[in-house]
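Colleague: Before I ask anything, let me first share the structure, which is written out below as C-alpha cells.
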Amino acid sequence: MAKKITLVKSLIAVKKDQIATANSLGLRKIGDVTVQPDNAQTQGKINKIVHLIEVTDAE
C-alpha cells in the first residue's frame with residue numbers, strides 16, 4: 001500500500017535536517033503532494049516531519 005503525503009505547514013524556521021527530509025520526499029511548497037511506498041524508509045521520514053505533513057492511504 002502506498003501513502004499520499006501532503007505538506008500542510010511551511011518549512012520556514014524548521015531545522016535543516018527536516019527541510020532536507022521534506023525535499024527528499026518531493027515536498028517543497030505548502031500544498032505539494034507526493035505518493036510514496038509504505039516501507040520502513042518512508043515511515044522514518046514521515047516520523048521526522050509528522051508535524052508538517054498530512055498522511056493518507058493512496059488509492
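Just remember, in the C-alpha cells the first chain shown is A, the second B, etc., residues are 1-based per chain, and ligands are 1-based in the order shown.
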Name the residues of chain A that fall into alpha helix (DSSP H) according to DSSP on the backbone, using the chain letters and numbers of this document, as a PyMOL selection string.

Modeller: chain A and resi 16-24+40-48

Colleague: Please identify all polymer residues within 6 Å of region 1-11 of chain A, counting only C-alpha atoms, omitting same-chain residues fewer than 3 positions from it, and present them as a list of chain:residue names.

Modeller: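 The residues satisfying every condition are A:Val14, A:Ile30, A:Gly31, A:Asp32, A:Val33, A:Thr34, A:Val35, A:Gln36, A:Pro37, A:Asp38, A:Leu52, A:Ile53, A:Glu54, A:Val55, A:Thr56, A:Asp57, A:Ala58.
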
Colleague: Mind pulling up the distance from CA of Gln43 (chain A) to CA of Thr21 (chain A)?

Modeller: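 About the pair CA of Thr21 (chain A) and CA of Gln43 (chain A): they are 11.6 Å apart.
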